[in-house]
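> If it helps, the file is called final25.txt and holds compact mmCIF, C-alpha atoms and all ligand atoms:
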```txt
# COMPACT_ATOMS: atom_id res chain seq x y z
CA MET A 174 -62.32 -67.29 21.47
CA PRO A 175 -59.93 -64.66 20.15
CA GLU A 176 -56.92 -64.18 22.40
CA LEU A 177 -54.36 -61.41 22.61
CA PRO A 178 -52.74 -61.92 19.17
CA GLU A 179 -56.07 -62.03 17.37
CA VAL A 180 -57.44 -58.94 19.12
CA GLU A 181 -54.15 -57.11 18.60
CA THR A 182 -54.28 -57.96 14.90
CA ILE A 183 -57.78 -56.50 14.66
CA ARG A 184 -56.62 -53.44 16.59
CA ARG A 185 -53.85 -52.75 14.11
CA GLU A 186 -56.26 -53.08 11.17
CA LEU A 187 -58.85 -50.82 12.80
CA GLN A 188 -56.28 -48.25 13.85
CA LEU A 189 -55.32 -47.80 10.19
CA ARG A 190 -58.93 -47.42 9.05
CA LEU A 191 -60.71 -45.66 11.89
CA ARG A 192 -58.22 -43.11 13.17
CA GLY A 193 -59.36 -39.62 12.27
CA GLN A 194 -62.84 -40.76 11.23
CA THR A 195 -65.89 -39.01 12.66
CA VAL A 196 -69.01 -40.97 13.57
CA ARG A 197 -72.07 -39.88 11.61
CA ALA A 198 -74.70 -42.34 12.82
CA VAL A 199 -75.13 -45.53 14.81
CA GLU A 200 -77.72 -48.24 14.28
CA VAL A 201 -78.33 -50.83 16.98
CA CYS A 202 -80.27 -53.94 15.96
CA VAL A 203 -79.66 -55.98 19.12
CA PRO A 204 -79.97 -53.65 22.13
CA LYS A 205 -78.58 -56.16 24.66
CA MET A 206 -75.17 -55.90 22.97
CA ALA A 207 -75.03 -52.09 23.36
CA HIS A 208 -74.20 -50.47 26.71
CA PRO A 209 -75.25 -48.43 28.54
CA SER A 210 -78.10 -48.43 25.99
CA ALA A 211 -78.79 -48.21 22.28
CA ALA A 212 -79.98 -44.63 22.70
CA ALA A 213 -76.84 -43.68 24.65
CA LEU A 214 -74.70 -45.04 21.83
CA ARG A 215 -76.68 -43.22 19.14
CA GLN A 216 -76.63 -39.90 20.98
CA GLY A 217 -73.22 -40.18 22.60
CA LEU A 218 -71.25 -41.20 19.51
CA SER A 219 -72.57 -38.92 16.81
CA GLY A 220 -69.99 -36.29 15.86
CA ARG A 221 -67.17 -37.87 17.85
CA ARG A 222 -63.83 -38.50 16.18
CA VAL A 223 -61.74 -41.65 16.63
CA LEU A 224 -58.34 -40.55 17.95
CA ALA A 225 -56.79 -44.01 18.33
CA VAL A 226 -57.67 -47.68 18.62
CA LYS A 227 -56.04 -49.37 21.61
CA ARG A 228 -56.27 -52.74 23.30
CA ARG A 229 -56.44 -53.84 26.92
CA ALA A 230 -56.41 -57.62 27.47
CA LYS A 231 -58.98 -58.87 24.94
CA MET A 232 -60.91 -55.60 24.74
CA LEU A 233 -60.60 -53.12 21.90
CA VAL A 234 -60.77 -49.51 23.02
CA CYS A 235 -61.57 -46.74 20.53
CA VAL A 236 -60.35 -43.50 22.07
CA LEU A 237 -62.80 -40.79 21.03
CA SER A 238 -62.76 -37.00 21.09
CA GLY A 239 -64.25 -35.49 24.26
CA GLN A 240 -62.70 -38.17 26.49
CA ARG A 241 -65.09 -40.91 25.61
CA TYR A 242 -64.14 -44.53 24.94
CA LEU A 243 -65.92 -47.10 22.85
CA VAL A 244 -64.99 -50.54 24.17
CA PHE A 245 -65.61 -53.76 22.23
CA HIS A 246 -65.40 -57.34 23.46
CA LEU A 247 -65.76 -59.91 20.70
CA LYS A 248 -66.22 -62.85 23.09
CA MET A 249 -66.59 -66.17 21.23
CA THR A 250 -67.84 -65.23 17.80
CA GLY A 251 -67.72 -61.45 17.48
CA GLN A 252 -66.40 -59.91 14.32
CA LEU A 253 -65.66 -56.36 13.20
CA VAL A 254 -65.76 -55.56 9.52
CA PHE A 255 -64.85 -52.17 8.13
CA ALA A 256 -66.18 -51.36 4.69
CA ALA A 257 -64.56 -48.35 3.05
CA LYS A 258 -66.56 -46.05 0.80
CA SER A 259 -65.01 -47.88 -2.15
CA GLY A 260 -66.64 -51.09 -0.92
CA ARG A 261 -63.38 -52.77 0.02
CA THR A 262 -63.73 -54.56 3.35
CA VAL A 263 -61.30 -55.46 6.10
CA SER A 264 -62.48 -57.82 8.77
CA GLY A 265 -61.18 -59.33 11.95
CA GLY A 266 -62.41 -61.73 14.57
CA HIS A 267 -64.37 -64.89 14.25
CA PRO A 268 -64.38 -66.24 10.70
CA ILE A 269 -67.87 -66.43 9.27
CA PRO A 270 -67.87 -68.28 5.96
CA ASN A 271 -69.54 -66.57 3.03
CA LEU A 272 -69.68 -63.17 4.63
CA GLY A 273 -71.53 -61.92 1.58
CA VAL A 274 -73.29 -58.59 1.50
CA LEU A 275 -73.30 -56.52 4.67
CA PRO A 276 -75.23 -55.95 6.80
CA ASN A 277 -76.28 -59.59 7.13
CA LYS A 278 -78.30 -61.51 9.72
CA PHE A 279 -75.32 -61.51 12.10
CA THR A 280 -74.87 -57.72 11.99
CA HIS A 281 -76.07 -56.24 15.27
CA VAL A 282 -74.51 -52.79 15.50
CA ILE A 283 -73.55 -50.50 12.60
CA PHE A 284 -71.33 -47.41 12.87
CA ARG A 285 -71.42 -45.04 9.91
CA PHE A 286 -68.65 -42.50 9.42
CA ARG A 287 -68.71 -39.13 7.70
CA GLY A 288 -66.08 -40.23 5.20
CA GLY A 289 -68.46 -42.88 3.85
CA GLY A 290 -66.96 -45.87 5.65
CA THR A 291 -68.99 -48.27 7.78
CA LEU A 292 -68.02 -50.50 10.69
CA TYR A 293 -70.17 -53.61 11.15
CA PHE A 294 -70.23 -55.42 14.47
CA ASN A 295 -71.32 -58.99 13.69
CA ASP A 296 -71.76 -61.85 16.12
CA GLN A 297 -73.29 -65.26 15.48
CA ARG A 298 -73.91 -65.95 19.16
CA LYS A 299 -74.47 -62.40 20.44
CA PHE A 300 -72.18 -62.78 23.48
CA GLY A 301 -70.02 -59.87 22.32
CA TRP A 302 -70.74 -56.33 23.44
CA VAL A 303 -69.87 -52.69 22.86
CA LYS A 304 -69.87 -50.09 25.60
CA LEU A 305 -69.53 -46.31 25.56
CA VAL A 306 -67.82 -45.00 28.70
CA ASP A 307 -65.96 -41.97 30.08
CA ALA A 308 -62.49 -42.10 31.65
CA ASP A 309 -63.83 -43.31 35.01
CA GLY A 310 -65.87 -45.99 33.30
CA LEU A 311 -62.83 -47.20 31.39
CA HIS A 312 -60.80 -47.29 34.59
CA ALA A 313 -63.48 -49.38 36.29
CA MET A 314 -63.37 -51.85 33.40
CA THR A 315 -59.60 -52.23 33.27
CA ALA A 316 -58.14 -51.51 36.73
CA HIS A 317 -58.34 -55.15 37.88
CA LEU A 318 -56.50 -56.49 34.82
CA GLY A 319 -53.00 -57.84 35.11
CA MET A 320 -49.91 -56.86 33.14
CA GLU A 321 -49.82 -56.91 29.36
CA PRO A 322 -47.26 -59.52 28.32
CA LEU A 323 -46.13 -57.46 25.31
CA SER A 324 -45.66 -54.25 27.27
CA GLY A 325 -42.91 -52.73 29.40
CA ALA A 326 -44.86 -53.71 32.53
CA TYR A 327 -44.02 -57.34 31.82
CA THR A 328 -40.74 -57.85 33.66
CA TRP A 329 -39.21 -60.92 35.24
CA GLY A 330 -39.80 -59.47 38.71
CA ALA A 331 -43.47 -58.71 38.04
CA PHE A 332 -44.00 -62.10 36.41
CA ALA A 333 -42.36 -64.02 39.28
CA ARG A 334 -44.41 -62.09 41.84
CA ALA A 335 -47.65 -62.75 39.96
CA VAL A 336 -46.94 -66.47 39.62
CA HIS A 337 -45.72 -67.03 43.18
CA ARG A 338 -48.90 -65.55 44.61
CA TYR A 339 -50.51 -68.93 44.02
CA PRO A 340 -47.91 -71.60 44.85
CA ASN A 341 -50.44 -74.42 44.82
CA ARG A 342 -52.09 -73.57 41.53
CA GLU A 343 -51.35 -75.36 38.31
CA ILE A 344 -49.15 -73.09 36.21
CA LYS A 345 -51.61 -72.91 33.33
CA GLN A 346 -54.29 -71.53 35.63
CA VAL A 347 -52.00 -68.66 36.57
CA LEU A 348 -51.17 -67.93 32.93
CA MET A 349 -54.88 -67.74 32.11
CA ASP A 350 -55.75 -65.55 35.09
CA ALA A 351 -56.43 -62.15 33.49
CA GLU A 352 -55.94 -60.41 36.81
CA ARG A 353 -52.31 -61.52 36.76
CA ILE A 354 -51.40 -61.63 33.06
CA ALA A 355 -53.83 -60.13 30.56
CA GLY A 356 -54.88 -61.66 27.27
CA VAL A 357 -53.29 -65.14 27.41
CA GLY A 358 -56.08 -67.65 26.84
CA ASN A 359 -56.30 -71.38 26.43
CA ILE A 360 -54.36 -71.74 23.19
CA TYR A 361 -51.35 -69.59 24.04
CA ALA A 362 -51.13 -70.89 27.62
CA ASP A 363 -50.70 -74.42 26.22
CA GLU A 364 -48.25 -73.24 23.59
CA SER A 365 -46.19 -71.26 26.13
CA CYS A 366 -45.92 -74.30 28.41
CA PHE A 367 -44.75 -76.39 25.45
CA CYS A 368 -42.16 -73.75 24.58
CA ALA A 369 -40.86 -73.87 28.18
CA ARG A 370 -41.02 -77.71 28.33
CA LEU A 371 -43.28 -77.44 31.38
CA ARG A 372 -46.46 -79.41 31.90
CA PRO A 373 -49.47 -77.10 32.18
CA THR A 374 -50.49 -79.13 35.24
CA ARG A 375 -47.29 -78.42 37.20
CA ARG A 376 -47.89 -76.80 40.58
CA VAL A 377 -46.20 -73.43 40.78
CA ARG A 378 -44.24 -74.30 43.96
CA THR A 379 -42.56 -77.26 42.23
CA ILE A 380 -41.13 -75.20 39.35
CA ARG A 381 -37.48 -74.25 39.61
CA GLU A 382 -36.62 -70.59 39.13
CA GLY A 383 -34.59 -71.29 35.99
CA ASP A 384 -37.55 -73.09 34.39
CA LEU A 385 -39.93 -70.32 35.39
CA LYS A 386 -37.60 -67.82 33.75
CA ILE A 387 -37.75 -69.79 30.53
CA LEU A 388 -41.54 -69.73 30.69
CA TYR A 389 -41.40 -65.98 31.30
CA ARG A 390 -39.47 -65.56 28.05
CA CYS A 391 -41.63 -68.04 26.13
CA ILE A 392 -44.93 -66.20 26.60
CA PRO A 393 -44.11 -63.07 24.56
CA ARG A 394 -42.23 -65.21 22.05
CA VAL A 395 -45.31 -67.36 21.44
CA LEU A 396 -47.60 -64.32 21.28
CA ARG A 397 -45.34 -62.51 18.81
CA LEU A 398 -45.14 -65.58 16.61
CA ALA A 399 -48.94 -65.76 16.60
CA LEU A 400 -49.15 -62.07 15.79
CA ARG A 401 -46.89 -62.53 12.79
CA HIS A 402 -48.89 -65.51 11.51
CA LYS A 403 -52.17 -63.79 12.09
CA GLY A 404 -51.32 -61.43 9.26
CA THR A 405 -51.43 -64.30 6.82
CA THR A 406 -54.55 -65.63 8.45
CA GLN A 407 -56.29 -62.33 8.03
CA ASP A 408 -55.66 -62.50 4.30
CA THR A 409 -57.13 -65.98 4.11
CA TYR A 410 -60.02 -64.85 6.17
CA ARG A 411 -60.73 -61.80 4.05
CA ARG A 412 -61.01 -64.06 1.06
CA VAL A 413 -63.47 -66.09 3.16
CA ASN A 414 -61.85 -69.47 2.64
CA GLY A 415 -63.74 -71.07 5.50
CA GLN A 416 -62.98 -71.47 9.15
CA SER A 417 -60.83 -74.57 9.49
CA GLY A 418 -57.54 -74.35 11.35
CA TYR A 419 -56.81 -70.72 10.88
CA MET A 420 -53.96 -70.83 13.38
CA ALA A 421 -53.19 -74.50 13.08
CA PRO A 422 -49.98 -74.63 11.04
CA PHE A 423 -47.81 -73.08 13.73
CA LEU A 424 -49.42 -74.58 16.82
CA ASN A 425 -47.31 -77.24 18.54
CA VAL A 426 -49.75 -78.79 21.01
CA TYR A 427 -53.12 -77.04 21.02
CA GLY A 428 -55.72 -79.08 19.13
CA ARG A 429 -53.14 -81.77 18.31
CA LYS A 430 -54.28 -84.61 20.61
CA GLY A 431 -52.81 -87.93 19.44
CA LYS A 432 -50.60 -86.28 16.83
CA PRO A 433 -46.80 -86.59 17.11
CA CYS A 434 -44.94 -83.97 19.13
CA LYS A 435 -42.99 -81.74 16.74
CA ARG A 436 -39.97 -82.03 19.06
CA CYS A 437 -39.85 -85.71 20.12
CA HIS A 438 -42.64 -87.45 18.11
CA SER A 439 -44.51 -88.73 21.21
CA PRO A 440 -48.29 -88.45 20.86
CA ILE A 441 -49.68 -85.22 22.33
CA VAL A 442 -52.13 -85.86 25.18
CA LYS A 443 -55.16 -83.89 26.24
CA THR A 444 -56.25 -83.29 29.81
CA VAL A 445 -58.27 -80.68 31.68
CA VAL A 446 -56.98 -77.72 33.68
CA GLY A 447 -59.50 -75.34 35.18
CA GLN A 448 -62.27 -76.87 33.04
CA ARG A 449 -60.36 -76.11 29.85
CA GLY A 450 -59.02 -78.62 27.37
CA THR A 451 -55.26 -78.71 27.86
CA HIS A 452 -52.64 -80.19 25.55
CA TYR A 453 -49.05 -81.20 26.22
CA CYS A 454 -46.33 -83.65 25.27
CA PRO A 455 -45.95 -86.23 28.06
CA ARG A 456 -42.32 -86.86 27.11
CA CYS A 457 -40.68 -83.49 26.66
CA GLN A 458 -42.81 -81.41 29.03
CA LYS A 459 -42.00 -82.14 32.67
ZN ZN B 1 -42.34 -83.96 22.89
```
Can I see the file as structure tokens?
Ligand SMILES: [Zn+2]


Amino acid sequence: MPELPEVETIRRELQLRLRGQTVRAVEVCVPKMAHPSAAALRQGLSGRRVLAVKRRAKMLVCVLSGQRYLVFHLKMTGQLVFAAKSGRTVSGGHPIPNLGVLPNKFTHVIFRFRGGGTLYFNDQRKFGWVKLVDADGLHAMTAHLGMEPLSGAYTWGAFARAVHRYPNREIKQVLMDAERIAGVGNIYADESCFCARLRPTRRVRTIREGDLKILYRCIPRVLRLALRHKGTTQDTYRRVNGQSGYMAPFLNVYGRKGKPCKRCHSPIVKTVVGQRGTHYCPRCQK
């Protein structure tokens, strides 16, 4: 599941390619992925220009002329690939080995632009979706979301308030609650807790203010580190080198059960928090 750094990486790539482009035609192969309907997408998008590509939580938002918004959610295995007129492609999202010639059997929606470029929305499992909305529709989709941890809204005061709302919850559950903090998923919640030397299972009320402050600082640090590394990953991915461990080299705990802690060499353990696999070092995370 792509989290904030992955979606933000895709956003940056798409912003470079799509801004200023005008939609010529839309083809929808899997109608259930297109909202409000395939016909609405075909009719509502043609002739509209992409003004910017933004992100809210894990959603990508293409701001279009005429106050329309094209919102993508890649879910588990969604992928966006932009092919320029020259044939050069830039992709982001779930790695599909041997991408090959596009469209392929995983291509479900195709956006063609007047400049000759094409955006392919691929998804192996078809859980992803794309939705065309107006300003009210966008508001309805985003109003409940919590603060963006890489934005100015993310302050110590706002963070402390959000966390203390649930004193009996395990801290990881709060970090993953999109209505409090947007875009932090399973991987970066574990990594942020490691950074702060806090067990993901710690109840909020038992955490001292000083330790909570460290966690507050760790979250954007971990996300920015992932963003930086994602650049390299995207290169690997574009060359379609397979899907193993694309974020692995810089992860400290996630997916490292039984391996030595990079800080103290104790074996990393795996438990469950909120039905999600959760990793921590039993020695240096308290
Ligand atoms: Zn350790």

> Could you pull out the residues sitting within 6 Å of ligand ZN 1 (chain B), using all atoms listed in the file, and write them as a list of chain:residue names?

A:Cys434, A:Arg436, A:Cys437, A:His438, A:Ser439, A:Cys454, A:Arg456, A:Cys457

> Just the number, please: distance in Å from atom CA of Gln458 of chain A to atom CA of Lys386 of chain A, one decimal.

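A separation of 15.3 Å between them.
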
> Near Leu398 of chain A, within 9 Å and counting all atoms listed in the file, which residues show up once chain neighbours fewer than 4 positions away are dropped, as a ChimeraX atom specification?

/A:178,393-394,402-403,423

> My list of candidates is A:Arg375, A:Lys304, A:Lys443, A:Lys231. Which is closest to Ala212 of chain A when distances are computed with only C-alpha atoms?

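Smallest separation from Ala212 of chain A among the options: A:Lys304.
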
> Have a look at A:Asn359, A:Lys459, A:Met314, A:Gly428 and name the one nearest to Ile380 of chain A; count all atoms listed in the file.

A:Lys459

> I'd like the interatomic distance between atom CA of Arg372 of chain A and atom CA of Leu247 of chain A, to a tenth of an Å.

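We find that atom CA of Arg372 of chain A and atom CA of Leu247 of chain A lie 29.6 Å from each other.
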
> Can you tell me, as an MDAnalysis selection string, what residues are no more than 7 Å from Leu348 of chain A when counting only C-alpha atoms, ignoring any on the same chain fewer than 4 positions away?

chainID A and resid 344 354 357 362

> Between A:Thr195, A:Thr182, A:Gln346, A:Gln240, single out the one closest to Arg287 of chain A, counting only C-alpha atoms.

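Among A:Thr195, A:Thr182, A:Gln346, A:Gln240, it is A:Thr195 that comes nearest to Arg287 of chain A.
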
> Would you please work out which residue, of A:Glu321, A:Asp309, A:Glu343, A:Glu200, is nearest to Ile392 of chain A when using all atoms listed in the file?

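Result for the nearest residue to Ile392 of chain A: A:Glu321.
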